[in-house]
$ cat protein.txt   # compact mmCIF, C-alpha atoms
# COMPACT_ATOMS: atom_id res chain seq x y z
CA MET A 24 -59.66 171.04 88.42
CA ALA A 25 -60.43 174.01 90.68
CA VAL A 26 -61.55 172.81 94.07
CA ARG A 27 -63.64 174.62 96.65
CA GLY A 28 -63.02 173.77 100.28
CA ALA A 29 -64.56 170.53 101.51
CA GLY A 30 -66.33 172.52 104.26
CA ASP A 31 -67.95 174.73 101.58
CA GLU A 32 -69.03 171.61 99.76
CA LEU A 33 -70.61 170.21 102.92
CA ARG A 34 -72.52 173.46 103.49
CA ARG A 35 -73.71 173.38 99.86
CA ILE A 36 -74.99 169.81 100.33
CA VAL A 37 -76.88 170.91 103.46
CA HIS A 38 -78.57 173.72 101.47
CA VAL A 39 -79.64 171.23 98.80
CA ASN A 40 -80.83 168.71 101.39
CA GLU A 41 -82.91 171.30 103.27
CA GLU A 42 -84.73 172.22 100.03
CA ILE A 43 -85.24 168.52 99.25
CA LYS A 44 -86.87 168.09 102.69
CA SER A 45 -89.18 170.99 101.93
CA VAL A 46 -90.21 169.42 98.58
CA VAL A 47 -90.81 166.04 100.28
CA ALA A 48 -93.19 167.72 102.77
CA THR A 49 -94.98 169.54 99.94
CA ALA A 50 -95.28 166.36 97.84
CA PHE A 51 -96.92 164.65 100.83
CA LYS A 52 -99.37 167.58 101.03
CA ILE A 53 -100.20 167.23 97.31
CA ASN A 54 -100.87 163.53 97.80
CA LEU A 55 -103.44 164.30 100.51
CA MET A 56 -104.93 167.17 98.48
CA ALA A 57 -105.29 164.85 95.48
CA MET A 58 -107.04 162.23 97.58
CA ASN A 59 -109.55 164.84 98.79
CA ALA A 60 -109.96 166.07 95.21
CA ILE A 61 -110.79 162.53 94.06
CA PHE A 62 -113.57 162.29 96.69
CA LEU A 63 -114.85 165.73 95.74
CA ALA A 64 -114.95 164.74 92.06
CA LYS A 65 -116.89 161.59 92.94
CA ARG A 66 -119.45 163.65 94.83
CA ALA A 67 -119.74 166.06 91.90
CA GLY A 68 -120.52 163.08 89.62
CA GLN A 69 -120.77 163.23 85.85
CA THR A 70 -119.87 166.93 85.55
CA ALA A 71 -116.48 166.38 87.22
CA LEU A 72 -115.34 163.22 85.41
CA GLY A 73 -112.38 165.05 83.80
CA PHE A 74 -111.46 166.65 87.12
CA GLY A 75 -111.47 163.19 88.74
CA VAL A 76 -109.11 161.81 86.10
CA LEU A 77 -106.74 164.74 86.61
CA SER A 78 -106.88 164.35 90.39
CA ASN A 79 -105.83 160.71 89.98
CA GLU A 80 -102.95 161.85 87.78
CA LEU A 81 -101.93 164.49 90.35
CA ARG A 82 -101.86 161.81 93.04
CA ARG A 83 -99.63 159.65 90.85
CA PHE A 84 -97.47 162.72 90.22
CA ALA A 85 -97.11 163.28 93.99
CA THR A 86 -96.08 159.65 94.53
CA ASP A 87 -93.53 159.82 91.68
CA LEU A 88 -92.19 163.07 93.11
CA GLN A 89 -91.82 161.55 96.59
CA GLN A 90 -89.84 158.64 95.09
CA GLN A 91 -87.69 161.00 93.05
CA MET A 92 -86.91 163.11 96.12
CA ALA A 93 -86.07 160.01 98.17
CA ALA A 94 -83.52 159.08 95.49
CA LEU A 95 -82.11 162.63 95.54
CA ARG A 96 -81.73 162.44 99.33
CA GLU A 97 -79.89 159.15 99.07
CA MET A 98 -77.51 160.78 96.63
CA THR A 99 -76.84 163.74 98.91
CA TYR A 100 -76.05 161.33 101.78
CA GLY A 101 -73.61 159.56 99.46
CA SER A 102 -72.01 162.93 98.78
CA VAL A 103 -71.58 163.53 102.54
CA GLY A 104 -69.52 160.32 102.73
CA THR A 105 -67.27 161.42 99.87
CA VAL A 106 -66.86 164.95 101.25
CA THR A 107 -65.95 163.47 104.65
CA GLY A 108 -63.13 161.61 102.89
CA MET A 109 -62.05 164.92 101.37
CA LEU A 110 -62.14 166.62 104.78
CA LYS A 111 -59.81 163.97 106.20
CA GLN A 112 -57.53 164.29 103.20
CA THR A 113 -57.50 168.08 103.46
CA GLN A 114 -56.46 167.88 107.11
CA LEU A 115 -53.77 165.35 106.34
CA ASN A 116 -52.43 167.49 103.50
CA ARG A 117 -52.35 170.52 105.81
CA VAL A 118 -50.29 168.60 108.38
CA LEU A 119 -47.98 167.18 105.74
CA GLY A 120 -47.60 170.64 104.18
CA ARG A 121 -46.43 172.04 107.52
CA ALA A 122 -44.07 169.09 107.98
CA HIS A 123 -42.74 169.66 104.46
CA ALA A 124 -41.97 173.31 105.22
CA GLU A 125 -39.98 172.33 108.31
CA ALA A 126 -38.27 169.19 107.02
CA VAL A 127 -34.85 169.06 105.38
CA GLY A 128 -32.87 166.46 103.44
CA VAL A 129 -34.27 162.93 103.26
CA GLY A 130 -37.23 163.84 105.46
CA ARG A 131 -38.32 166.46 102.96
CA LYS A 132 -38.02 164.01 100.05
CA LEU A 133 -40.10 161.43 101.93
CA ILE A 134 -42.83 163.99 102.64
CA ASP A 135 -42.73 164.98 98.95
CA GLU A 136 -43.55 161.37 98.06
CA PHE A 137 -46.31 161.25 100.67
CA LEU A 138 -47.83 164.46 99.33
CA ARG A 139 -47.78 163.12 95.76
CA GLY A 140 -49.61 159.97 96.90
CA HIS A 141 -52.15 161.99 98.81
CA SER A 142 -52.74 164.31 95.86
CA GLU A 143 -53.78 161.27 93.86
CA VAL A 144 -56.19 160.15 96.60
CA MET A 145 -57.64 163.66 96.76
CA LEU A 146 -58.06 163.63 92.98
CA GLN A 147 -59.98 160.36 93.24
CA HIS A 148 -62.28 161.87 95.88
CA GLU A 149 -62.85 164.92 93.68
CA GLU A 150 -63.63 162.79 90.65
CA SER A 151 -66.00 160.66 92.68
CA LEU A 152 -67.77 163.76 94.02
CA ALA A 153 -67.92 165.32 90.55
CA ALA A 154 -69.56 162.11 89.23
CA LEU A 155 -72.10 162.14 92.07
CA ASN A 156 -72.82 165.80 91.37
CA ARG A 157 -73.33 165.14 87.65
CA ARG A 158 -75.87 162.43 88.51
CA LEU A 159 -77.54 164.76 91.00
CA THR A 160 -77.75 167.53 88.37
CA HIS A 161 -79.37 165.11 85.87
CA MET A 162 -81.85 163.95 88.49
CA ILE A 163 -82.75 167.54 89.35
CA ALA A 164 -83.36 168.21 85.64
CA ASP A 165 -85.61 165.11 85.46
CA THR A 166 -87.46 166.26 88.57
CA THR A 167 -87.94 169.73 87.10
CA GLN A 168 -89.61 168.12 84.05
CA LEU A 169 -91.80 165.98 86.30
CA VAL A 170 -92.90 169.08 88.23
CA GLU A 171 -93.62 170.85 84.94
CA LEU A 172 -96.00 167.99 84.17
CA GLY A 173 -97.61 168.49 87.60
CA SER A 174 -98.04 172.16 86.80
CA VAL A 175 -99.77 171.33 83.49
CA LEU A 176 -102.07 168.88 85.31
CA ALA A 177 -102.99 171.56 87.87
CA ARG A 178 -103.78 174.06 85.07
CA SER A 179 -105.90 171.45 83.26
CA ALA A 180 -107.74 170.71 86.52
CA LYS A 181 -108.55 174.42 86.73
CA ILE A 182 -110.08 174.33 83.25
CA GLU A 183 -112.06 171.17 84.11
CA ALA A 184 -113.29 172.86 87.30
CA ALA A 185 -115.12 175.42 85.17
CA TYR A 186 -117.36 172.58 83.92
CA GLY A 187 -118.11 171.34 87.42
CA GLY A 188 -121.65 172.69 87.58
CA ALA A 189 -122.78 173.23 91.17
CA PHE A 190 -119.34 172.08 92.38
CA SER A 191 -117.47 174.48 90.14
CA VAL A 192 -116.46 176.89 92.95
CA SER A 193 -115.14 174.10 95.20
CA LEU A 194 -113.31 172.43 92.33
CA MET A 195 -111.80 175.78 91.29
CA GLN A 196 -110.58 176.35 94.83
CA VAL A 197 -108.94 172.89 94.96
CA SER A 198 -107.26 173.29 91.57
CA SER A 199 -105.95 176.74 92.55
CA ASP A 200 -104.47 175.15 95.69
CA PHE A 201 -102.76 172.57 93.48
CA GLU A 202 -101.36 175.27 91.24
CA ARG A 203 -100.02 177.31 94.17
CA THR A 204 -98.50 174.29 95.92
CA ILE A 205 -96.79 173.05 92.77
CA GLY A 206 -95.50 176.60 92.29
CA GLU A 207 -93.82 176.28 95.71
CA ILE A 208 -92.10 173.10 94.54
CA GLN A 209 -90.90 174.81 91.37
CA ARG A 210 -89.33 177.57 93.46
CA SER A 211 -87.64 175.00 95.72
CA LEU A 212 -86.26 173.20 92.66
CA GLU A 213 -84.92 176.49 91.31
CA THR A 214 -83.11 176.99 94.64
CA ILE A 215 -81.73 173.44 94.49
CA SER A 216 -80.52 174.03 90.91
CA LYS A 217 -78.87 177.28 92.01
CA HIS A 218 -76.97 175.54 94.81
CA GLN A 219 -76.17 172.63 92.54
CA SER A 220 -74.65 174.99 89.96
CA GLN A 221 -72.13 175.98 92.65
CA GLU A 222 -70.83 172.41 92.81
CA VAL A 223 -67.18 171.44 92.77
CA ARG A 224 -65.81 172.07 89.32
CA MET B 27 -76.23 155.55 108.07
CA LYS B 28 -77.45 156.02 111.64
CA THR B 29 -81.02 156.97 112.47
CA ALA B 30 -82.15 160.05 114.38
CA GLN B 31 -84.99 159.38 116.81
CA VAL B 32 -86.91 161.88 118.90
CA ILE B 33 -86.79 160.81 122.58
CA PHE B 34 -88.29 163.96 124.11
CA GLU B 35 -90.44 166.74 122.70
CA ASP B 36 -92.13 169.68 124.35
CA GLY B 37 -92.85 172.46 121.84
CA ASP B 38 -89.53 173.59 120.39
CA HIS B 39 -87.55 171.83 123.13
CA LYS B 40 -86.44 168.43 121.84
CA TRP B 41 -83.93 165.65 122.35
CA LEU B 42 -82.84 163.49 119.42
CA ALA B 43 -80.83 160.29 119.78
CA ILE B 44 -78.61 159.43 116.81
CA VAL B 45 -78.04 155.72 117.00
CA ARG B 46 -77.28 152.32 115.44
CA ASP B 47 -75.50 152.40 112.11
CA PRO B 48 -76.01 149.04 110.34
CA ASN B 49 -72.95 149.80 108.18
CA ARG B 50 -70.61 150.49 111.12
CA PRO B 51 -67.40 148.47 110.79
CA SER B 52 -67.12 145.93 113.63
CA TYR B 53 -63.73 147.30 114.72
CA LEU B 54 -65.35 150.60 115.77
CA VAL B 55 -67.19 150.83 119.09
CA ASP B 56 -70.82 151.84 118.62
CA THR B 57 -71.70 155.29 119.96
CA ASN B 58 -74.83 157.29 120.65
CA GLU B 59 -74.92 160.97 119.88
CA TYR B 60 -77.61 163.27 121.24
CA LEU B 61 -78.87 166.57 119.95
CA VAL B 62 -80.68 169.00 122.25
CA LEU B 63 -82.77 171.62 120.47
CA ALA B 64 -84.35 174.69 121.98
CA GLY B 65 -85.85 177.20 119.57
CA ASP B 66 -83.30 178.01 116.89
CA ASP B 67 -80.35 176.81 118.95
CA ALA B 68 -78.91 173.32 119.31
CA ILE B 69 -76.08 171.52 121.08
CA LEU B 70 -74.64 168.17 119.97
CA LEU B 71 -73.52 165.93 122.85
CA ASP B 72 -70.45 163.72 122.35
CA PRO B 73 -70.42 164.27 118.56
CA GLY B 74 -68.43 161.09 117.97
CA GLY B 75 -65.26 160.09 116.23
CA GLY B 76 -64.05 161.17 112.81
CA GLU B 77 -64.93 157.73 111.46
CA VAL B 78 -68.64 158.20 112.22
CA PHE B 79 -68.90 161.88 111.21
CA SER B 80 -70.54 161.06 107.88
CA ALA B 81 -73.12 158.70 109.47
CA VAL B 82 -73.95 161.20 112.23
CA PHE B 83 -74.11 164.19 109.90
CA SER B 84 -76.36 162.42 107.39
CA ALA B 85 -78.71 161.04 110.08
CA LEU B 86 -79.03 164.47 111.67
CA SER B 87 -79.72 166.07 108.31
CA THR B 88 -82.78 163.87 107.74
CA VAL B 89 -84.68 165.62 110.53
CA PHE B 90 -82.76 168.79 111.33
CA ASP B 91 -80.80 171.57 109.67
CA PRO B 92 -77.22 171.04 110.99
CA ARG B 93 -76.42 174.72 110.41
CA ARG B 94 -78.35 175.39 113.63
CA ILE B 95 -75.80 173.53 115.78
CA SER B 96 -73.87 176.26 117.60
CA LYS B 97 -72.33 174.15 120.39
CA LEU B 98 -70.71 170.81 120.98
CA PHE B 99 -70.43 169.18 124.39
CA ALA B 100 -67.66 166.67 125.02
CA SER B 101 -68.17 164.64 128.20
CA HIS B 102 -64.43 163.85 128.12
CA GLN B 103 -61.45 163.62 125.78
CA ASP B 104 -61.76 160.17 124.18
CA PRO B 105 -61.48 159.83 120.38
CA ASP B 106 -64.91 158.18 120.09
CA VAL B 107 -66.31 161.27 121.84
CA ILE B 108 -64.75 164.22 120.06
CA SER B 109 -62.24 163.32 117.34
CA SER B 110 -64.76 164.53 114.72
CA LEU B 111 -64.26 168.07 116.06
CA SER B 112 -62.13 169.24 113.15
CA MET B 113 -64.83 168.16 110.67
CA TRP B 114 -67.56 170.02 112.53
CA LEU B 115 -65.27 173.06 112.49
CA GLU B 116 -64.77 172.76 108.72
CA PHE B 117 -68.56 172.80 108.42
CA ASN B 118 -69.04 175.65 110.91
CA PRO B 119 -65.87 177.44 112.06
CA ASP B 120 -67.86 179.38 114.70
CA ILE B 121 -68.99 176.30 116.59
CA LYS B 122 -68.06 176.25 120.32
CA CYS B 123 -66.92 173.15 122.14
CA TYR B 124 -67.67 172.78 125.89
CA LEU B 125 -65.40 170.43 127.79
CA SER B 126 -63.49 170.02 131.06
CA TRP B 127 -60.70 172.56 131.60
CA LEU B 128 -58.45 169.55 132.10
CA TRP B 129 -58.62 168.72 128.39
CA GLY B 130 -58.48 172.31 127.14
CA SER B 131 -55.00 171.89 125.72
CA PHE B 132 -55.25 168.19 124.78
CA VAL B 133 -58.40 168.11 122.65
CA PRO B 134 -57.08 170.87 120.31
CA HIS B 135 -54.87 168.08 118.95
CA PHE B 136 -58.12 166.91 117.28
CA GLY B 137 -58.77 170.43 115.92
CA GLY B 138 -59.87 173.92 116.91
CA ASP B 139 -58.06 176.88 118.41
CA ALA B 140 -58.32 179.18 121.44
CA GLU B 141 -61.63 180.55 120.12
CA THR B 142 -63.20 177.11 119.84
CA PHE B 143 -63.19 175.93 123.45
CA VAL B 144 -65.26 176.90 126.44
CA THR B 145 -63.69 175.09 129.37
CA ILE B 146 -65.83 173.86 132.25
CA PRO B 147 -64.48 174.24 135.81
CA ASP B 148 -64.41 171.14 138.02
CA GLY B 149 -67.60 172.16 139.82
CA GLY B 150 -69.60 172.33 136.58
CA MET B 151 -71.47 175.20 134.94
CA ASP B 152 -74.69 176.11 133.17
CA ILE B 153 -74.82 175.99 129.39
CA SER B 154 -77.55 177.97 127.63
CA VAL B 155 -79.24 176.44 124.62
CA GLY B 156 -81.95 178.74 123.31
CA SER B 157 -84.24 179.40 126.26
CA GLN B 158 -83.06 176.27 128.13
CA ARG B 159 -80.29 176.16 130.72
CA LEU B 160 -78.51 172.83 130.85
CA GLN B 161 -76.19 171.91 133.72
CA ALA B 162 -72.78 170.32 133.32
CA ILE B 163 -72.71 167.89 136.26
CA PRO B 164 -69.32 166.69 137.56
CA ALA B 165 -68.62 163.00 136.95
CA HIS B 166 -64.82 163.06 137.33
CA TYR B 167 -62.93 159.75 137.25
CA LEU B 168 -66.01 158.06 135.72
CA HIS B 169 -64.13 157.16 133.70
CA SER B 170 -62.03 160.16 132.69
CA SER B 171 -60.28 162.36 135.26
CA GLY B 172 -62.01 165.41 133.76
CA ASN B 173 -65.53 164.21 133.05
CA PHE B 174 -69.00 165.80 132.89
CA ASN B 175 -72.59 164.71 132.44
CA LEU B 176 -75.21 167.11 131.11
CA TYR B 177 -78.56 167.53 132.85
CA ASP B 178 -81.64 169.08 131.32
CA SER B 179 -84.11 169.85 134.09
CA GLY B 180 -86.84 170.83 131.59
CA ALA B 181 -86.70 167.45 129.88
CA LYS B 182 -85.61 165.56 133.03
CA ILE B 183 -82.89 163.89 130.99
CA LEU B 184 -79.34 163.19 132.15
CA PHE B 185 -76.73 162.60 129.45
CA SER B 186 -74.36 160.34 131.37
CA GLY B 187 -71.47 159.82 128.92
CA ASP B 188 -69.81 156.47 129.64
CA ILE B 189 -71.77 155.92 132.87
CA GLY B 190 -74.52 153.44 132.09
CA ALA B 191 -72.80 152.37 128.88
CA ALA B 192 -73.33 148.83 127.67
CA LEU B 193 -71.75 146.94 124.80
CA LEU B 194 -74.79 145.26 123.35
CA PRO B 195 -74.76 142.17 121.15
CA PRO B 196 -76.74 142.18 117.88
CA GLY B 197 -80.41 141.49 118.52
CA GLU B 198 -80.30 143.07 121.98
CA ASP B 199 -79.46 146.58 120.81
CA GLY B 200 -82.80 148.36 121.15
CA LEU B 201 -82.87 152.09 121.85
CA PHE B 202 -84.30 151.64 125.36
CA VAL B 203 -83.56 149.20 128.16
CA GLU B 204 -86.53 146.80 128.18
CA ASN B 205 -85.33 144.21 130.69
CA PHE B 206 -82.95 145.71 133.25
CA ASP B 207 -81.56 142.42 134.63
CA ARG B 208 -80.79 141.08 131.17
CA HIS B 209 -79.39 144.42 129.98
CA ILE B 210 -77.11 145.12 132.91
CA ARG B 211 -75.02 141.98 132.24
CA HIS B 212 -73.73 143.80 129.15
CA ALA B 213 -72.74 146.81 131.28
CA GLU B 214 -71.06 145.09 134.23
CA ALA B 215 -67.58 144.26 132.93
CA PHE B 216 -67.32 147.70 131.33
CA HIS B 217 -68.13 149.54 134.56
CA ARG B 218 -65.84 147.37 136.70
CA ARG B 219 -62.89 147.99 134.42
CA TRP B 220 -63.42 151.55 133.20
CA MET B 221 -64.75 153.29 136.29
CA GLY B 222 -61.63 153.85 138.33
CA SER B 223 -62.70 155.30 141.67
CA GLU B 224 -65.04 153.96 144.36
CA ARG B 225 -65.22 157.38 146.02
CA ALA B 226 -66.03 159.18 142.76
CA LYS B 227 -68.71 156.58 142.05
CA ARG B 228 -70.36 157.08 145.47
CA ASP B 229 -70.22 160.89 145.05
CA TRP B 230 -71.81 160.63 141.63
CA CYS B 231 -74.59 158.35 142.86
CA ALA B 232 -75.38 160.79 145.68
CA ARG B 233 -75.25 163.78 143.31
CA VAL B 234 -77.54 162.40 140.61
CA SER B 235 -79.94 160.88 143.18
CA ARG B 236 -80.90 164.46 144.00
CA LEU B 237 -81.90 165.13 140.38
CA ASP B 238 -85.32 164.44 138.94
CA ILE B 239 -84.47 162.10 136.04
CA ASP B 240 -86.88 160.45 133.60
CA MET B 241 -84.17 159.25 131.20
CA LEU B 242 -80.50 158.44 131.66
CA CYS B 243 -78.79 158.51 128.27
CA PRO B 244 -75.35 156.90 127.94
CA GLN B 245 -72.91 157.30 125.06
CA HIS B 246 -72.98 153.55 124.33
CA GLY B 247 -75.87 151.10 124.51
CA ALA B 248 -79.48 151.64 125.54
CA ILE B 249 -81.31 154.46 127.34
CA TYR B 250 -82.61 153.85 130.89
CA ARG B 251 -86.04 155.32 131.58
CA GLY B 252 -88.57 155.43 134.37
CA ASP B 253 -87.80 153.07 137.26
CA ASP B 254 -84.74 151.70 135.44
CA VAL B 255 -82.93 155.01 136.14
CA ARG B 256 -83.17 154.41 139.90
CA ARG B 257 -82.32 150.72 139.39
CA PHE B 258 -79.19 151.69 137.51
CA ILE B 259 -78.02 154.19 140.15
CA ASP B 260 -78.59 151.61 142.92
CA TRP B 261 -76.83 148.88 140.90
CA PHE B 262 -73.87 151.14 140.18
CA GLY B 263 -73.69 152.18 143.83
CA GLN B 264 -73.29 148.54 144.82
CA LEU B 265 -70.84 147.56 142.08
CA GLU B 266 -67.18 147.16 142.94
CA VAL B 267 -65.29 149.28 140.41
CA GLY B 268 -61.66 149.86 139.48
CA VAL B 269 -60.88 146.15 139.36
CA LEU B 270 -59.58 143.82 136.70
CA GLY B 271 -61.79 140.85 135.81
CA ALA B 272 -65.11 139.84 137.41

$ encode --input "protein.txt" --output "structure tokens"
Amino acid sequence: MAVRGAGDELRRIVHVNEEIKSVVATAFKINLMAMNAIFLAKRAGQTALGFGVLSNELRRFATDLQQQMAALREMTYGSVGTVTGMLKQTQLNRVLGRAHAEAVGVGRKLIDEFLRGHSEVMLQHEESLAALNRRLTHMIADTTQLVELGSVLARSAKIEAAYGGAFSVSLMQVSSDFERTIGEIQRSLETISKHQSQEVR
Amino acid sequence: MKTAQVIFEDGDHKWLAIVRDPNRPSYLVDTNEYLVLAGDDAILLDPGGGEVFSAVFSALSTVFDPRRISKLFASHQDPDVISSLSMWLEFNPDIKCYLSWLWGSFVPHFGGDAETFVTIPDGGMDISVGSQRLQAIPAHYLHSSGNFNLYDSGAKILFSGDIGAALLPPGEDGLFVENFDRHIRHAEAFHRRWMGSERAKRDWCARVSRLDIDMLCPQHGAIYRGDDVRRFIDWFGQLEVGVLGA
């Protein structure tokens, strides 16, 4: 198992977490936009029935996305705990390595034993982190699918807007906003996936 | 995990308190960490021990990008104050640590090298954070022999390290002091035992009385605000310190 430094891993987690925060803020925005869209559809009446249904679905999408991102954040905080364990272990190994280089005779043998024990602990940390990262990667894939659904809903809302009669222009504007905002989330998820692909291997 | 709470905000000048971890093991003393932000720059005050690094780092990350922390301030040399140093350095090797010159060759046992430390002379110094200039205020012998508070005149906040600290029981561990008389009972034994010098105490009281302070933020326990700041300074001025027992 090739291991990057624990400090690198911590910096990678921060990158992921910062993007997650950005998606959470955007999901909140979509929720508000969807609520406004529902009111607009009600005002538009019969001609915007389809748009109203899609706005409801977009609101549900935003809520699901917020929950999904909350779970992702929890996982990244769990990873910080594991990486902290690795940081401690790395420091200990460094100290023991120096002691090993200087020690002779029985002292050297004792440090050898210590180092073997600590290698096993480090391995456990790495396995635990790798498992967390696998779960995180799966959750990011699930979230990407969810956002794809949001994107389809936004496109459908755009089509429905065309049938909005006198409200068509307003509905078109709202659905374009949805499409653009969901596009932002897709870009953030791509960045998260990129950072995630640099995980400990 | 701890929680990060905004205690002061004026545009891009902010103070965050990182406090109260429900999962903290009972054998570890509870600590408060504070983050001062100004523009794109930030300084973390008394970053805490290695055992709380994960809780502090995660709490900070909920509201702030920790890559922006360029400086650490250690009020003194205790492990609950600065033993997480090596972990912060693994995260950002360029981070600078401000602390008393007295501990300049002791604290490196926790981590760091000659490039890491900016030592503060006994008389104190200014520390720039973004557009703000914070002042390291001498608080020697309270309790450490090389000890500093940090004053932010823009926010009118004094980070007081162990001065004002209280060991609060569960249920009485709110972020702010709400009832001074009830609160101060949890601070008394600590101050009598840990603060070693009457003269240093009197000097400190005189020094900080000249500052305009809205909040006095200790490393343990609750934050004093408004009239409770003056009450605390007066109470401390009257307290007999450097004694065993009550």

$ atom_distance --input "protein.txt" --atom1 "CA of His102 (chain B)" --atom2 "CA of Phe174 (chain B)"
6.9 Å

$ interface_residues --input "protein.txt" --of "chain B" --to "chain A" --cutoff "7 Å" --atoms "only C-alpha atoms" --output "ChimeraX atom specification"
/B:80,84,91,113,116-117

$ write_last_selection --input "protein.txt" --atoms "C-alpha atoms" --output "short mmCIF file (atom, residue, chain, number, x, y, z; two decimals), in the coordinates of the input"
data_model
loop_
_atom_site.label_atom_id
_atom_site.label_comp_id
_atom_site.auth_asym_id
_atom_site.auth_seq_id
_atom_site.Cartn_x
_atom_site.Cartn_y
_atom_site.Cartn_z
CA SER B 80 -70.54 161.06 107.88
CA SER B 84 -76.36 162.42 107.39
CA ASP B 91 -80.80 171.57 109.67
CA MET B 113 -64.83 168.16 110.67
CA GLU B 116 -64.77 172.76 108.72
CA PHE B 117 -68.56 172.80 108.42
#

$ atom_distance --input "protein.txt" --atom1 "CA of Leu159 (chain A)" --atom2 "CA of Ser174 (chain A)"
22.2 Å

$ atom_distance --input "protein.txt" --atom1 "CA of Leu242 (chain B)" --atom2 "CA of Leu71 (chain B)"
13.5 Å

$ closest_residue --input "protein.txt" --among "A:Gly130, A:Ser199, A:Asn156, A:Gln147" --to "Val39 (chain A)" --atoms "only C-alpha atoms"
A:Asn156

$ closest_residue --input "protein.txt" --among "B:Pro195, B:Phe136, B:Ser154, B:Pro51" --to "Lys97 (chain B)" --atoms "all atoms listed in the file"
B:Ser154

$ closest_residue --input "protein.txt" --among "B:Trp261, B:Tyr167, B:Tyr177, B:Phe206" --to "Gly222 (chain B)" --atoms "only C-alpha atoms"
B:Tyr167

$ residues_around --input "protein.txt" --residues "Asp199 (chain B)" --least-positions-apart "4" --cutoff "7 Å" --atoms "only C-alpha atoms" --output "JSON, numbers by chain"
{"B": [194, 195, 247, 248]}

$ write_last_selection --input "protein.txt" --atoms "C-alpha atoms" --output "short mmCIF file (atom, residue, chain, number, x, y, z; two decimals), in the frame of the given file"
data_model
loop_
_atom_site.label_atom_id
_atom_site.label_comp_id
_atom_site.auth_asym_id
_atom_site.auth_seq_id
_atom_site.Cartn_x
_atom_site.Cartn_y
_atom_site.Cartn_z
CA LEU B 194 -74.79 145.26 123.35
CA PRO B 195 -74.76 142.17 121.15
CA GLY B 247 -75.87 151.10 124.51
CA ALA B 248 -79.48 151.64 125.54
#

$ residues_around --input "protein.txt" --residues "Thr145 (chain B)" --least-positions-apart "5" --cutoff "9 Å" --atoms "all atoms listed in the file" --output "list in words"
Cys123, Tyr124, Leu125, Ser126, Trp127, Leu128, Trp129 and Gly130 of chain B

$ closest_residue --input "protein.txt" --among "A:Ser193, A:Thr86, A:Ser220, A:Asn116" --to "Lys52 (chain A)" --atoms "only C-alpha atoms"
A:Thr86

$ residues_around --input "protein.txt" --residues "Gly65 (chain B)" --least-positions-apart "4" --cutoff "8 Å" --atoms "only C-alpha atoms" --output "list in words"
Asp38, His39, Gly156 and Ser157 of chain B

$ closest_residue --input "protein.txt" --among "A:Glu213, A:Glu183, A:Glu202, A:Glu149" --to "Gly75 (chain A)" --atoms "only C-alpha atoms"
A:Glu183

$ residues_around --input "protein.txt" --residues "Gln161 (chain B)" --least-positions-apart "3" --cutoff "10 Å" --atoms "all atoms listed in the file" --output "PyMOL selection string"
chain B and resi 150-154+158+164+174-179+184

$ decode --input "protein.txt" --residues "region 74-81 of chain A" --atoms "N, CA, C and O atoms" --output "PDB file, in the first residue's frame"
ATOM      1  N   PHE A  74     -45.221  22.984 -14.697  1.00  0.00           N
ATOM      2  CA  PHE A  74     -44.086  23.714 -14.103  1.00  0.00           C
ATOM      3  C   PHE A  74     -44.148  23.625 -12.575  1.00  0.00           C
ATOM      4  O   PHE A  74     -43.126  23.448 -11.901  1.00  0.00           O
ATOM      5  N   GLY A  75     -45.382  23.694 -12.034  1.00  0.00           N
ATOM      6  CA  GLY A  75     -45.578  23.610 -10.583  1.00  0.00           C
ATOM      7  C   GLY A  75     -45.128  22.258 -10.044  1.00  0.00           C
ATOM      8  O   GLY A  75     -44.453  22.187  -9.009  1.00  0.00           O
ATOM      9  N   VAL A  76     -45.506  21.196 -10.786  1.00  0.00           N
ATOM     10  CA  VAL A  76     -45.114  19.846 -10.357  1.00  0.00           C
ATOM     11  C   VAL A  76     -43.582  19.738 -10.329  1.00  0.00           C
ATOM     12  O   VAL A  76     -42.993  19.239  -9.367  1.00  0.00           O
ATOM     13  N   LEU A  77     -42.959  20.245 -11.388  1.00  0.00           N
ATOM     14  CA  LEU A  77     -41.488  20.165 -11.476  1.00  0.00           C
ATOM     15  C   LEU A  77     -40.815  21.008 -10.395  1.00  0.00           C
ATOM     16  O   LEU A  77     -39.790  20.607  -9.839  1.00  0.00           O
ATOM     17  N   SER A  78     -41.418  22.146 -10.058  1.00  0.00           N
ATOM     18  CA  SER A  78     -40.853  22.986  -8.992  1.00  0.00           C
ATOM     19  C   SER A  78     -40.890  22.238  -7.658  1.00  0.00           C
ATOM     20  O   SER A  78     -39.949  22.311  -6.868  1.00  0.00           O
ATOM     21  N   ASN A  79     -42.013  21.539  -7.423  1.00  0.00           N
ATOM     22  CA  ASN A  79     -42.109  20.715  -6.208  1.00  0.00           C
ATOM     23  C   ASN A  79     -41.010  19.662  -6.177  1.00  0.00           C
ATOM     24  O   ASN A  79     -40.394  19.409  -5.142  1.00  0.00           O
ATOM     25  N   GLU A  80     -40.791  19.044  -7.339  1.00  0.00           N
ATOM     26  CA  GLU A  80     -39.747  18.001  -7.426  1.00  0.00           C
ATOM     27  C   GLU A  80     -38.361  18.603  -7.198  1.00  0.00           C
ATOM     28  O   GLU A  80     -37.503  17.998  -6.559  1.00  0.00           O
ATOM     29  N   LEU A  81     -38.149  19.824  -7.727  1.00  0.00           N
ATOM     30  CA  LEU A  81     -36.840  20.481  -7.541  1.00  0.00           C
ATOM     31  C   LEU A  81     -36.615  20.816  -6.070  1.00  0.00           C
ATOM     32  O   LEU A  81     -35.499  20.749  -5.569  1.00  0.00           O
TER      33      LEU A  81
END
